[in-house]
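*Asks:* As input, take structure_9.cif (mmCIF, C-alpha atoms and all ligand atoms):
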data_run
#
loop_
_atom_site.label_atom_id
_atom_site.label_comp_id
_atom_site.auth_asym_id
_atom_site.auth_seq_id
_atom_site.Cartn_x
_atom_site.Cartn_y
_atom_site.Cartn_z
CA MET A 209 0.00 0.00 0.00
CA LYS A 210 0.98 3.63 -0.56
CA VAL A 211 1.30 5.05 2.96
CA ILE A 212 1.96 8.59 4.18
CA VAL A 213 3.34 8.97 7.70
CA ILE A 214 3.07 12.51 9.05
CA GLY A 215 5.78 13.35 11.62
CA ALA A 216 9.38 12.19 11.90
CA GLY A 217 9.74 11.98 15.65
CA VAL A 218 10.69 8.66 17.24
CA ILE A 219 7.09 7.43 16.83
CA GLY A 220 6.73 8.44 13.16
CA VAL A 221 10.09 7.02 12.11
CA THR A 222 9.63 3.72 13.96
CA THR A 223 6.13 3.41 12.51
CA ALA A 224 7.35 4.21 9.00
CA TRP A 225 10.21 1.70 9.26
CA SER A 226 7.89 -1.03 10.56
CA LEU A 227 5.32 -0.41 7.80
CA ALA A 228 8.07 -0.43 5.16
CA ASN A 229 9.46 -3.63 6.68
CA ASP A 230 5.96 -5.08 6.24
CA GLY A 231 6.08 -4.32 2.52
CA HIS A 232 4.41 -0.90 2.24
CA GLN A 233 5.63 1.99 0.13
CA VAL A 234 6.10 4.74 2.71
CA THR A 235 6.57 8.51 2.48
CA ILE A 236 7.38 10.45 5.67
CA LEU A 237 6.39 14.13 5.78
CA GLU A 238 8.08 16.28 8.41
CA GLU A 239 7.79 20.02 8.83
CA GLN A 240 11.15 20.45 10.58
CA SER A 241 14.49 20.47 8.76
CA GLU A 242 15.66 17.32 10.53
CA VAL A 243 14.40 14.09 12.03
CA ALA A 244 13.56 14.06 15.77
CA ALA A 245 13.80 17.82 16.18
CA VAL A 246 10.79 18.22 18.51
CA SER A 247 9.76 16.04 21.52
CA SER A 248 12.15 13.22 20.64
CA ASN A 249 15.21 15.43 20.54
CA ALA A 250 17.09 15.28 23.86
CA ASN A 251 14.82 13.33 26.18
CA GLY A 252 15.95 11.33 29.21
CA GLY A 253 17.01 8.41 27.01
CA GLN A 254 15.58 5.80 29.40
CA LEU A 255 13.97 2.68 27.96
CA SER A 256 11.77 1.93 30.95
CA TYR A 257 10.55 -1.56 30.08
CA ASP A 258 10.04 -2.56 33.68
CA PHE A 259 9.44 0.85 35.14
CA ALA A 260 6.75 2.59 33.16
CA SER A 261 3.90 3.92 35.25
CA PRO A 262 1.34 6.62 34.48
CA MET A 263 1.88 10.18 35.70
CA ALA A 264 -1.77 10.22 36.84
CA SER A 265 -1.45 8.25 40.09
CA PRO A 266 -2.99 8.17 43.57
CA GLU A 267 0.34 9.58 44.85
CA LEU A 268 0.00 12.61 42.57
CA LEU A 269 -3.61 13.07 43.66
CA THR A 270 -2.46 13.73 47.24
CA LYS A 271 -0.10 16.42 45.91
CA ILE A 272 -2.68 18.37 43.90
CA PRO A 273 -3.25 21.16 46.48
CA LYS A 274 0.54 21.66 46.63
CA LEU A 275 0.77 21.64 42.83
CA LEU A 276 -1.90 24.32 42.47
CA PHE A 277 0.28 26.65 44.54
CA ASN A 278 3.42 25.61 42.62
CA SER A 279 5.18 24.49 45.78
CA ASP A 280 6.58 21.22 44.43
CA SER A 281 9.69 22.01 42.40
CA ALA A 282 9.13 19.13 39.96
CA PHE A 283 5.78 20.50 38.70
CA ARG A 284 4.59 23.92 37.55
CA ILE A 285 1.11 25.04 36.52
CA LYS A 286 0.68 28.26 34.57
CA HIS A 287 -1.88 30.64 36.10
CA PRO A 288 -4.54 31.61 35.19
CA ILE A 289 -5.41 28.05 34.25
CA SER A 290 -6.45 27.78 30.59
CA ARG A 291 -9.71 26.21 29.41
CA GLU A 292 -7.69 23.66 27.44
CA PHE A 293 -5.77 22.56 30.56
CA LEU A 294 -8.89 22.56 32.73
CA SER A 295 -10.66 20.23 30.33
CA TRP A 296 -7.67 17.84 30.03
CA SER A 297 -6.94 17.88 33.76
CA GLN A 298 -10.49 16.81 34.68
CA HIS A 299 -9.84 13.56 32.83
CA PHE A 300 -6.30 13.38 34.20
CA ILE A 301 -7.54 13.68 37.81
CA ARG A 302 -10.09 10.93 37.19
CA GLN A 303 -7.18 8.73 36.09
CA CYS A 304 -5.45 9.32 39.44
CA PHE A 305 -8.11 7.32 41.34
CA PRO A 306 -6.83 3.88 42.40
CA GLY A 307 -9.10 1.75 40.17
CA ASN A 308 -8.33 3.73 37.02
CA TYR A 309 -4.64 3.93 37.92
CA ARG A 310 -4.40 0.16 38.39
CA LEU A 311 -5.96 -0.40 34.98
CA SER A 312 -3.83 2.11 33.04
CA SER A 313 -0.75 1.09 34.97
CA SER A 314 -1.12 -2.59 34.06
CA LYS A 315 -1.78 -1.76 30.39
CA LEU A 316 1.23 0.56 30.26
CA LYS A 317 3.51 -1.97 31.95
CA GLU A 318 2.44 -4.70 29.54
CA LEU A 319 3.13 -2.45 26.55
CA ALA A 320 6.51 -1.34 27.92
CA LYS A 321 7.61 -4.90 28.63
CA LYS A 322 6.79 -6.04 25.10
CA SER A 323 8.49 -2.99 23.59
CA GLY A 324 11.91 -4.19 24.73
CA GLN A 325 11.61 -7.39 22.70
CA VAL A 326 10.36 -5.55 19.62
CA LEU A 327 13.17 -3.00 19.81
CA GLU A 328 15.70 -5.84 19.98
CA GLU A 329 14.17 -7.24 16.77
CA ILE A 330 14.44 -3.85 15.06
CA ILE A 331 18.07 -3.51 16.19
CA ALA A 332 18.86 -6.98 14.85
CA THR A 333 17.26 -6.25 11.46
CA SER A 334 18.32 -2.64 10.89
CA ASN A 335 21.51 -0.67 10.89
CA THR A 336 21.13 1.66 13.88
CA GLN A 337 23.69 3.29 16.16
CA PHE A 338 22.29 5.16 19.13
CA GLY A 339 24.39 4.58 22.24
CA HIS A 340 22.19 1.66 23.27
CA ARG A 341 23.17 0.13 26.63
CA ARG A 342 21.29 -2.52 28.56
CA ALA A 343 22.24 -0.62 31.67
CA GLY A 344 19.41 -1.43 34.07
CA LYS A 345 17.62 1.30 35.97
CA LEU A 346 17.71 2.17 39.65
CA VAL A 347 14.96 4.33 41.10
CA ILE A 348 16.43 5.97 44.19
CA TYR A 349 14.57 7.31 47.22
CA THR A 350 15.80 9.92 49.67
CA LYS A 351 12.65 10.00 51.80
CA THR A 352 11.97 7.02 54.01
CA SER A 353 8.19 7.53 53.84
CA ALA A 354 8.16 7.31 50.02
CA PHE A 355 10.46 4.27 50.03
CA GLU A 356 8.31 2.48 52.62
CA ARG A 357 5.18 3.21 50.56
CA THR A 358 6.83 1.79 47.44
CA LYS A 359 7.93 -1.32 49.36
CA ARG A 360 4.37 -1.87 50.54
CA LEU A 361 3.08 -1.50 46.98
CA LEU A 362 5.64 -3.84 45.46
CA GLY A 363 5.59 -6.40 48.26
CA LYS A 364 8.59 -7.53 50.23
CA SER A 365 10.65 -9.04 47.44
CA SER A 366 11.00 -8.93 43.68
CA THR A 367 7.89 -8.12 41.62
CA ASN A 368 7.79 -8.20 37.86
CA GLY A 369 11.56 -8.15 37.68
CA GLN A 370 11.80 -5.17 40.03
CA VAL A 371 14.08 -5.76 43.01
CA ILE A 372 13.90 -3.72 46.20
CA LEU A 373 17.33 -2.68 47.48
CA ASP A 374 18.01 -1.27 50.93
CA GLN A 375 20.56 1.50 51.40
CA GLN A 376 23.54 -0.86 51.62
CA ALA A 377 22.45 -2.88 48.58
CA CYS A 378 22.02 0.34 46.57
CA LEU A 379 25.59 1.37 47.38
CA GLU A 380 26.91 -2.08 46.50
CA LYS A 381 25.08 -2.05 43.19
CA GLU A 382 26.09 1.51 42.37
CA PRO A 383 29.07 2.76 44.45
CA THR A 384 28.91 6.20 42.81
CA LEU A 385 25.77 6.88 44.91
CA ARG A 386 28.18 7.73 47.74
CA GLN A 387 28.52 11.15 46.12
CA CYS A 388 24.81 11.93 46.64
CA GLY A 389 24.21 15.22 48.45
CA THR A 390 21.13 13.76 50.15
CA PRO A 391 21.71 10.15 51.25
CA VAL A 392 19.79 7.49 49.37
CA VAL A 393 17.63 5.45 51.77
CA GLY A 394 16.77 2.71 49.32
CA GLY A 395 15.93 1.92 45.73
CA VAL A 396 14.18 -0.31 43.25
CA LEU A 397 16.23 -1.94 40.50
CA ALA A 398 14.89 -2.93 37.08
CA ALA A 399 17.68 -4.95 35.52
CA VAL A 400 16.12 -5.18 32.04
CA ASP A 401 15.80 -1.43 31.50
CA ALA A 402 18.13 0.21 29.01
CA VAL A 403 19.24 3.61 27.72
CA GLY A 404 19.83 5.08 24.27
CA ASP A 405 19.65 8.31 22.34
CA ALA A 406 16.14 8.58 20.86
CA ALA A 407 17.15 11.24 18.33
CA LEU A 408 20.14 9.25 17.03
CA PHE A 409 17.96 6.15 16.85
CA SER A 410 15.30 8.00 14.83
CA GLN A 411 17.88 9.49 12.48
CA SER A 412 19.67 6.22 11.82
CA LEU A 413 16.41 4.25 11.49
CA ALA A 414 15.10 6.84 8.98
CA ALA A 415 18.34 6.46 6.98
CA ASP A 416 17.99 2.67 7.15
CA ALA A 417 14.40 2.86 5.84
CA GLN A 418 15.51 5.08 2.97
CA GLN A 419 18.34 2.72 2.00
CA ARG A 420 16.73 -0.63 2.68
CA PHE A 421 13.10 -0.02 1.67
CA ASN A 422 13.30 3.04 -0.56
CA THR A 423 11.21 5.01 1.93
CA THR A 424 10.90 8.70 1.02
CA LEU A 425 11.70 11.25 3.73
CA SER A 426 10.50 14.75 2.92
CA LEU A 427 11.80 17.33 5.40
CA ASN A 428 10.67 20.99 5.62
CA THR A 429 7.29 19.68 4.51
CA GLN A 430 4.34 20.84 6.54
CA VAL A 431 1.01 19.12 6.10
CA GLN A 432 -1.55 21.91 5.95
CA ARG A 433 -4.80 20.36 4.80
CA LEU A 434 -6.46 17.04 4.08
CA ASP A 435 -9.08 16.50 1.36
CA ILE A 436 -11.69 14.13 2.70
CA HIS A 437 -14.51 12.76 0.51
CA ASP A 438 -16.60 9.64 0.99
CA ASN A 439 -15.10 9.39 4.47
CA LYS A 440 -11.65 8.82 3.00
CA ILE A 441 -8.56 11.01 2.69
CA GLN A 442 -8.22 11.69 -1.04
CA ALA A 443 -5.25 14.08 -0.87
CA VAL A 444 -2.69 15.42 1.61
CA HIS A 445 -1.74 19.06 0.94
CA THR A 446 1.61 20.38 2.12
CA ASN A 447 3.45 23.70 1.79
CA LYS A 448 5.29 22.17 -1.19
CA SER A 449 2.95 19.87 -3.10
CA GLU A 450 0.02 17.50 -2.77
CA PHE A 451 -0.06 13.74 -2.38
CA LYS A 452 -3.09 12.27 -4.12
CA ASN A 453 -4.95 9.04 -3.41
CA PRO A 454 -2.93 7.67 -0.50
CA ASP A 455 -4.08 4.21 0.54
CA MET A 456 -3.38 5.16 4.11
CA VAL A 457 -2.31 8.19 6.19
CA VAL A 458 -0.78 7.71 9.66
CA PHE A 459 -0.64 10.67 12.03
CA CYS A 460 2.42 10.65 14.28
CA THR A 461 2.39 14.39 14.95
CA GLY A 462 3.07 14.22 18.69
CA GLU A 463 1.50 17.14 20.47
CA ASN A 464 0.03 18.67 17.28
CA THR A 465 -3.61 17.64 17.00
CA ASN A 466 -4.88 20.66 14.99
CA LEU A 467 -5.44 18.92 11.64
CA LEU A 468 -7.17 16.04 13.37
CA GLN A 469 -9.53 18.36 15.25
CA ASN A 470 -10.33 20.06 11.92
CA CYS A 471 -11.39 16.79 10.37
CA GLY A 472 -13.50 15.74 13.34
CA VAL A 473 -11.10 13.31 15.00
CA PRO A 474 -10.91 14.62 18.57
CA LEU A 475 -7.90 13.65 20.66
CA ARG A 476 -7.20 14.46 24.28
CA ILE A 477 -3.47 15.23 24.16
CA TYR A 478 -1.84 17.93 26.28
CA PRO A 479 1.79 19.09 25.99
CA VAL A 480 3.54 18.57 29.33
CA ARG A 481 6.81 20.46 29.22
CA GLY A 482 10.09 18.99 30.43
CA TYR A 483 13.76 19.95 30.33
CA SER A 484 17.16 18.38 29.86
CA LYS A 485 20.84 19.25 30.08
CA THR A 486 23.54 17.20 28.39
CA PHE A 487 26.95 17.34 30.04
CA THR A 488 30.48 16.07 29.62
CA PRO A 489 30.82 13.17 32.10
CA GLY A 490 32.42 13.85 35.48
CA THR A 491 34.57 11.54 37.56
CA GLN A 492 31.78 9.38 39.05
CA VAL A 493 29.13 8.42 36.52
CA PRO A 494 26.70 5.65 37.53
CA GLU A 495 26.64 2.60 35.25
CA VAL A 496 22.90 2.12 35.74
CA ALA A 497 20.38 4.71 34.65
CA ILE A 498 19.05 6.57 37.68
CA THR A 499 15.65 8.03 38.45
CA ASP A 500 15.48 10.23 41.53
CA HIS A 501 11.95 9.47 42.69
CA ASP A 502 11.69 12.45 45.03
CA LYS A 503 13.04 15.14 42.70
CA LYS A 504 11.54 13.56 39.55
CA LEU A 505 14.85 13.79 37.68
CA VAL A 506 16.50 11.11 35.56
CA TYR A 507 20.23 10.66 35.00
CA SER A 508 21.58 8.60 32.10
CA ARG A 509 24.97 8.04 30.54
CA ILE A 510 24.24 8.03 26.81
CA GLY A 511 27.25 7.43 24.58
CA ASP A 512 30.01 9.78 25.76
CA LYS A 513 27.62 12.21 27.47
CA VAL A 514 25.61 12.44 30.67
CA ARG A 515 22.04 13.61 30.41
CA VAL A 516 19.84 14.93 33.22
CA ALA A 517 16.14 15.36 32.41
CA GLY A 518 12.86 15.97 34.15
CA PHE A 519 10.18 18.30 35.59
CA ALA A 520 6.61 18.55 34.33
CA ASP A 521 5.15 21.96 33.50
CA PHE A 522 1.55 22.50 32.42
CA GLY A 523 0.64 25.58 30.37
CA HIS A 524 2.43 27.83 27.93
CA PHE A 525 5.30 29.55 29.71
CA SER A 526 7.73 32.16 28.33
CA LYS A 527 11.32 31.53 27.15
CA GLU A 528 12.70 33.10 30.39
CA HIS A 529 10.82 30.44 32.30
CA ASP A 530 12.71 27.75 30.38
CA GLU A 531 16.03 29.33 31.44
CA GLN A 532 14.94 29.36 35.09
CA ARG A 533 13.84 25.73 34.93
CA LEU A 534 17.10 24.66 33.23
CA ASP A 535 19.12 26.46 35.93
CA MET A 536 17.02 24.77 38.60
CA LEU A 537 17.61 21.39 36.96
CA THR A 538 21.39 21.98 36.90
CA ASN A 539 21.42 23.14 40.52
CA GLN A 540 19.45 20.12 41.69
CA ALA A 541 21.72 17.79 39.71
CA LYS A 542 24.83 19.45 41.19
CA ALA A 543 23.46 19.17 44.72
CA MET A 544 22.53 15.50 44.36
CA PHE A 545 25.29 14.25 42.02
CA PRO A 546 28.22 16.68 42.29
CA LYS A 547 30.60 14.32 40.45
CA ILE A 548 28.37 12.92 37.74
CA ALA A 549 29.19 15.70 35.27
CA ASP A 550 31.85 18.26 34.54
CA TYR A 551 29.58 21.18 35.36
CA GLN A 552 32.29 23.71 34.34
CA ALA A 553 32.56 22.39 30.78
CA SER A 554 30.12 23.48 28.09
CA SER A 555 26.75 21.73 28.10
CA SER A 556 23.67 21.77 25.91
CA SER A 557 20.17 22.65 27.05
CA TRP A 558 16.82 21.49 25.75
CA SER A 559 13.15 21.80 26.53
CA GLY A 560 10.37 19.83 24.91
CA ASN A 561 6.81 18.66 25.41
CA ARG A 562 5.51 15.24 26.30
CA PRO A 563 2.38 14.64 24.18
CA ALA A 564 0.30 13.25 27.03
CA THR A 565 -3.12 11.62 27.20
CA PRO A 566 -4.82 11.71 30.63
CA ASP A 567 -4.11 8.00 31.27
CA ASN A 568 -0.64 8.09 29.66
CA LEU A 569 -1.71 5.41 27.22
CA PRO A 570 -0.97 6.04 23.54
CA VAL A 571 -3.71 6.12 20.92
CA VAL A 572 -2.86 3.55 18.24
CA GLY A 573 -5.00 2.34 15.34
CA PRO A 574 -7.76 3.25 12.89
CA THR A 575 -10.17 6.19 13.17
CA SER A 576 -13.69 6.86 11.93
CA ILE A 577 -12.12 8.04 8.63
CA LYS A 578 -11.46 4.93 6.54
CA ASN A 579 -7.78 5.37 5.65
CA LEU A 580 -6.69 7.52 8.61
CA TYR A 581 -4.67 5.89 11.41
CA LEU A 582 -3.11 7.32 14.57
CA ASN A 583 -0.01 6.60 16.61
CA MET A 584 0.12 9.43 19.13
CA GLY A 585 -0.03 10.49 22.78
CA HIS A 586 2.90 8.57 24.24
CA GLY A 587 3.50 11.12 27.02
CA MET A 588 6.39 10.34 29.34
CA PHE A 589 7.27 7.07 27.60
CA GLY A 590 7.41 7.69 23.85
CA TRP A 591 10.95 6.40 23.52
CA THR A 592 10.15 3.31 25.57
CA LEU A 593 6.92 2.55 23.66
CA ALA A 594 8.00 3.47 20.11
CA ALA A 595 8.80 -0.09 19.05
CA ILE A 596 5.68 -1.80 20.40
CA THR A 597 3.24 0.86 19.21
CA ALA A 598 4.77 0.75 15.71
CA GLN A 599 4.25 -3.02 15.72
CA GLN A 600 0.67 -2.60 16.97
CA LEU A 601 -0.02 -0.14 14.17
CA VAL A 602 1.25 -2.63 11.58
CA GLU A 603 -0.98 -5.34 13.10
CA GLN A 604 -4.01 -3.03 13.01
CA VAL A 605 -3.35 -2.25 9.35
CA GLN A 606 -3.05 -5.96 8.54
CA LYS A 607 -6.37 -6.55 10.31
CA HIS A 608 -8.27 -3.74 8.56
CA ALA A 609 -6.69 -3.82 5.11
C1 LIG B 1 12.16 16.16 29.31
C2 LIG B 1 11.65 14.89 28.68
C3 LIG B 1 12.24 13.68 29.02
C4 LIG B 1 11.76 12.50 28.48
N1 LIG B 1 12.38 11.33 28.81
C5 LIG B 1 11.92 10.16 28.30
C6 LIG B 1 12.57 8.94 28.64
O1 LIG B 1 13.57 8.92 29.36
N2 LIG B 1 12.05 7.78 28.14
C7 LIG B 1 10.92 7.78 27.35
O2 LIG B 1 10.48 6.70 26.97
N3 LIG B 1 10.33 8.93 26.96
C8 LIG B 1 10.79 10.12 27.42
N4 LIG B 1 10.18 11.30 27.08
C9 LIG B 1 8.98 11.26 26.21
C10 LIG B 1 9.33 11.17 24.73
O3 LIG B 1 10.39 12.04 24.42
C11 LIG B 1 8.08 11.51 23.89
O4 LIG B 1 6.99 10.73 24.31
C12 LIG B 1 8.33 11.20 22.41
O5 LIG B 1 9.48 11.88 21.96
C13 LIG B 1 7.13 11.59 21.55
O6 LIG B 1 7.49 11.29 20.22
P1 LIG B 1 6.56 11.68 19.00
O7 LIG B 1 7.21 11.13 17.79
O8 LIG B 1 5.15 11.33 19.30
O9 LIG B 1 6.58 13.29 18.96
P2 LIG B 1 7.64 14.24 18.24
O10 LIG B 1 9.02 13.79 18.47
O11 LIG B 1 7.29 15.64 18.64
O12 LIG B 1 7.33 14.04 16.71
C14 LIG B 1 6.21 14.60 16.08
C15 LIG B 1 6.70 15.19 14.77
O13 LIG B 1 5.57 15.58 13.98
C16 LIG B 1 5.95 16.75 13.26
N5 LIG B 1 4.72 17.42 12.83
C17 LIG B 1 3.73 17.90 13.61
N6 LIG B 1 2.76 18.46 12.84
C18 LIG B 1 3.17 18.33 11.56
C19 LIG B 1 2.60 18.72 10.32
N7 LIG B 1 1.43 19.36 10.24
N8 LIG B 1 3.30 18.45 9.18
C20 LIG B 1 4.49 17.78 9.22
N9 LIG B 1 5.06 17.41 10.38
C21 LIG B 1 4.41 17.68 11.54
C22 LIG B 1 6.75 17.53 14.29
O14 LIG B 1 7.56 18.51 13.65
C23 LIG B 1 7.53 16.44 14.98
O15 LIG B 1 8.81 16.25 14.40
C24 LIG B 1 10.66 12.51 27.58
C25 LIG B 1 10.09 13.74 27.20
C26 LIG B 1 10.59 14.92 27.74
C27 LIG B 1 9.97 16.23 27.31
#
For the structure just supplied, provide its representation as C-alpha cells.
Ligand SMILES: Cc1cc2nc3c(=O)[nH]c(=O)nc-3n(C[C@H](O)[C@H](O)[C@H](O)COP(=O)(O)OP(=O)(O)OC[C@H]3O[C@@H](n4cnc5c(N)ncnc54)[C@H](O)[C@@H]3O)c2cc1C
*Replies:*
Amino acid sequence: MKVIVIGAGVIGVTTAWSLANDGHQVTILEEQSEVAAVSSNANGGQLSYDFASPMASPELLTKIPKLLFNSDSAFRIKHPISREFLSWSQHFIRQCFPGNYRLSSSKLKELAKKSGQVLEEIIATSNTQFGHRRAGKLVIYTKTSAFERTKRLLGKSSTNGQVILDQQACLEKEPTLRQCGTPVVGGVLAAVDAVGDAALFSQSLAADAQQRFNTTLSLNTQVQRLDIHDNKIQAVHTNKSEFKNPDMVVFCTGENTNLLQNCGVPLRIYPVRGYSKTFTPGTQVPEVAITDHDKKLVYSRIGDKVRVAGFADFGHFSKEHDEQRLDMLTNQAKAMFPKIADYQASSSSWSGNRPATPDNLPVVGPTSIKNLYLNMGHGMFGWTLAAITAQQLVEQVQKHA
C-alpha cells in the first residue's frame, strides 16, 4: 500500500520503518528540517521496560493542592489556568483514582515490557547506532516515607523483575551513589531497562528505511490540509505539493492535534513540558540509569555524554521560564550528584513537550475516517513505547486492510 506517515519523531520514524518492513511503500512528511527535532530530541534516554507507570497516580492526587500553589519544584502550573488545561486535567484527575490507575498502569507496563523485545528485533534487522546500553535502571529514594510506601506497593521481594534494594544494597550495586548530596535510603532496580539516544535512533532508522526499503523522507514539509470525501482522505496538501490518493495516512504528529480536530477526530493530548541538560561526564558516573523518585529527575549516561532530564510543566510559559527551569535542573543535579558531570565544561540545554493523554496510554489504530490511522499520545514514555506501538499499528493495518 501507498502510505503517508506525518511526523518524523521517534514514533513516526519507527512506525514508517515497521510499515516499510511489512512491505508498504512509505513517504514520511516532516515540517522540521531534521528528524527528531521536537519532543524526541534530547529526552531522558531511558527505555523503561520494567518501570513505566502513568503520571496520573494516587500519589500525585495527594499532591494536587501543593501543585496548584506551585510548591513542588518538579511541577509547575501556569496561572490563570487555561480552558484547554482545565478540560484535560479533569480527565487526568479521574485517572489518578486507584481503580483507574491500576488499569492504566497494568496496560502501560504490559506495553513497555513487550516494547523491549520488539526494539531488539528492530536492532537486529536494521543498521542503527544510538548509544544503546542494557544498563538497568535504579529508582532511588531519599525520603523514608516514600520508600516504605513503594515497598508496601511492590511487596517484600521482587515483583515483575523489580528488586527492592536497601541503602547498603544500593551502594553495592552503584558505588557512585556515595557522592549523593542527600543520602539514598533505598531503591528499586529494574535490571532489564536500558538507555539510548532517541534522536540518534530516529535518524539512523530513517536512513535505514531510505536505503533498505526506498522510503521517502520529505523534510521541511508541513502538512496543511487534508481533502476528505466519501469518508476517506483523497489528498494530503503540504506547503510544497500535494499527495493524491494515499491508501493510508498515519498521524504521528506528537502534540500537534490541529489537523485532526479540523477533520472531526478529537484527541485528548496535552503538551507537558520537560527539560534536559547534556553534560560532559564527570569523575563518578553511575553505570545504571538513575531516576530520583523524590526530585523527579532522571540521569543517564548516553554514549560519551551524561544527560539529566525531568520536571513537568503544564501551560504555555515564556522563554525566560525555560532558562529558570534549566538552571534549577542543573542546581538540583549538582546538589545531588556533584561528580556525575563536569559542570564547568560546556553543556547543551533542551526543553520539549511530552504529548500526554490523561491515562498516559498512547492512541494507536484506525479512526472513523477509513484510511486515517493514529499513533500518538505517548506522554512520558514515547521512547520506551516506540517499538511496540509501531508493531501494533502494523498489526491493526493488517487486520483492517
Ligand atoms: C524532558 C523529557 C524527558 C523524556 N524522557 C523520556 C525517557 O527517558 N524515556 C521515554 O520513553 N520517553 C521520554 N520522554 C517522552 C518522549 O520524548 C516523547 O513521548 C516522544 O518523543 C514523543 O514522540 P513523537 O514522535 O510522538 O513526537 P515528536 O518527536 O514531537 O514528533 C512529532 C513530529 O511531527 C511533526 N509534525 C507535527 N505536525 C506536523 C505537520 N502538520 N506536518 C508535518 N510534520 C508535523 C513535528 O515537527 C515532529 O517532528 C521525555 C520527554 C521529555 C519532554
*Asks:* Just want the residues within 6 Å of ligand LIG 1 (chain B), written as a PyMOL selection string, counting only C-alpha atoms and all ligand atoms.
*Replies:* chain A and resi 214-220+237-240+244-248+251-255+429-432+460-462+464+481-484+517-518+560-562+584+586-592
*Asks:* Can you measure CA of Arg302 (chain A) to CA of Ala264 (chain A) for me? One decimal in Å is fine.
*Replies:*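 Computing it gives 8.4 Å between the two atoms.
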*Asks:* Can you tell me how far CA of Thr223 (chain A) sits from CA of Asn428 (chain A), in Å to one decimal?
*Replies:*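 These two atoms are separated by 19.4 Å.
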*Asks:* Considering all atoms listed in the file, state which residue in the set A:Gly573, A:Pro479, A:Pro566, A:Gly523 is at the smallest distance from Arg291 (chain A).
*Replies:*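 With all atoms listed in the file as the atom set, the closest residue is A:Gly523.
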*Asks:* Could you list, with a cut-off of 12 Å and counting all atoms listed in the file, the residues of region 311-355 of chain A near region 492-509 of chain A, each shown with its nearest atom pair and the distance in Å rounded to one decimal, rows sorted by chain and ascending number, as CSV?
*Replies:*
residue,atom,partner,partner_atom,distance
A:Gly339,CA,A:Arg509,CA,9.0
A:His340,CA,A:Arg509,CA,10.1
A:Arg341,CA,A:Arg509,CA,9.0
A:Arg342,CA,A:Val496,CA,8.7
A:Ala343,CA,A:Val496,CA,5.0
A:Gly344,CA,A:Val496,CA,5.3
A:Lys345,CA,A:Ala497,CA,4.6
A:Leu346,CA,A:Ile498,CA,5.0
A:Val347,CA,A:Thr499,CA,4.6
A:Ile348,CA,A:Asp500,CA,5.1
A:Tyr349,CA,A:His501,CA,5.7
A:Thr350,CA,A:Asp502,CA,6.7
A:Lys351,CA,A:Asp502,CA,7.3
A:Thr352,CA,A:Asp502,CA,10.5
A:Ser353,CA,A:Asp502,CA,10.7
A:Ala354,CA,A:Asp502,CA,8.0
A:Phe355,CA,A:His501,CA,9.1
*Asks:* Suppose you want the space between CA of Asn278 (chain A) and CA of Val396 (chain A); what is it in Å?
*Replies:*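 Value for the CA of Asn278 (chain A)-CA of Val396 (chain A) distance: 28.1 Å.
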*Asks:* Here is a test: counting only C-alpha atoms, which residue of A:Ile285, A:Cys378, A:Cys304, A:Val234 is nearest to Glu267 (chain A)?
*Replies:*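 Using only C-alpha atoms, the shortest distance to Glu267 (chain A) belongs to A:Cys304.
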*Asks:* Output region 414-426 of chain A with N, CA and C atoms present, as a PDB file, in the frame of the given file.
*Replies:*
ATOM      1  N   ALA A 414      15.648   6.192  10.189  1.00  0.00           N
ATOM      2  CA  ALA A 414      15.100   6.840   8.980  1.00  0.00           C
ATOM      3  C   ALA A 414      16.050   6.595   7.804  1.00  0.00           C
ATOM      4  N   ALA A 415      17.358   6.704   8.054  1.00  0.00           N
ATOM      5  CA  ALA A 415      18.340   6.460   6.980  1.00  0.00           C
ATOM      6  C   ALA A 415      18.255   5.002   6.522  1.00  0.00           C
ATOM      7  N   ASP A 416      18.094   4.097   7.479  1.00  0.00           N
ATOM      8  CA  ASP A 416      17.990   2.670   7.150  1.00  0.00           C
ATOM      9  C   ASP A 416      16.756   2.413   6.274  1.00  0.00           C
ATOM     10  N   ALA A 417      15.633   3.051   6.629  1.00  0.00           N
ATOM     11  CA  ALA A 417      14.400   2.860   5.840  1.00  0.00           C
ATOM     12  C   ALA A 417      14.583   3.383   4.432  1.00  0.00           C
ATOM     13  N   GLN A 418      15.289   4.512   4.310  1.00  0.00           N
ATOM     14  CA  GLN A 418      15.510   5.080   2.970  1.00  0.00           C
ATOM     15  C   GLN A 418      16.352   4.120   2.115  1.00  0.00           C
ATOM     16  N   GLN A 419      17.441   3.602   2.755  1.00  0.00           N
ATOM     17  CA  GLN A 419      18.340   2.720   2.000  1.00  0.00           C
ATOM     18  C   GLN A 419      17.720   1.356   1.722  1.00  0.00           C
ATOM     19  N   ARG A 420      17.179   0.755   2.782  1.00  0.00           N
ATOM     20  CA  ARG A 420      16.730  -0.630   2.680  1.00  0.00           C
ATOM     21  C   ARG A 420      15.412  -0.774   1.924  1.00  0.00           C
ATOM     22  N   PHE A 421      14.459   0.169   2.210  1.00  0.00           N
ATOM     23  CA  PHE A 421      13.100  -0.020   1.670  1.00  0.00           C
ATOM     24  C   PHE A 421      12.696   1.056   0.669  1.00  0.00           C
ATOM     25  N   ASN A 422      13.645   1.952   0.371  1.00  0.00           N
ATOM     26  CA  ASN A 422      13.300   3.040  -0.560  1.00  0.00           C
ATOM     27  C   ASN A 422      12.229   3.980  -0.005  1.00  0.00           C
ATOM     28  N   THR A 423      12.152   4.074   1.302  1.00  0.00           N
ATOM     29  CA  THR A 423      11.210   5.010   1.930  1.00  0.00           C
ATOM     30  C   THR A 423      11.611   6.432   1.563  1.00  0.00           C
ATOM     31  N   THR A 424      10.604   7.301   1.323  1.00  0.00           N
ATOM     32  CA  THR A 424      10.900   8.700   1.020  1.00  0.00           C
ATOM     33  C   THR A 424      10.760   9.520   2.299  1.00  0.00           C
ATOM     34  N   LEU A 425      11.778  10.349   2.572  1.00  0.00           N
ATOM     35  CA  LEU A 425      11.700  11.250   3.730  1.00  0.00           C
ATOM     36  C   LEU A 425      11.690  12.671   3.191  1.00  0.00           C
ATOM     37  N   SER A 426      10.604  13.386   3.435  1.00  0.00           N
ATOM     38  CA  SER A 426      10.500  14.750   2.920  1.00  0.00           C
ATOM     39  C   SER A 426      10.497  15.727   4.097  1.00  0.00           C
TER      40      SER A 426
END
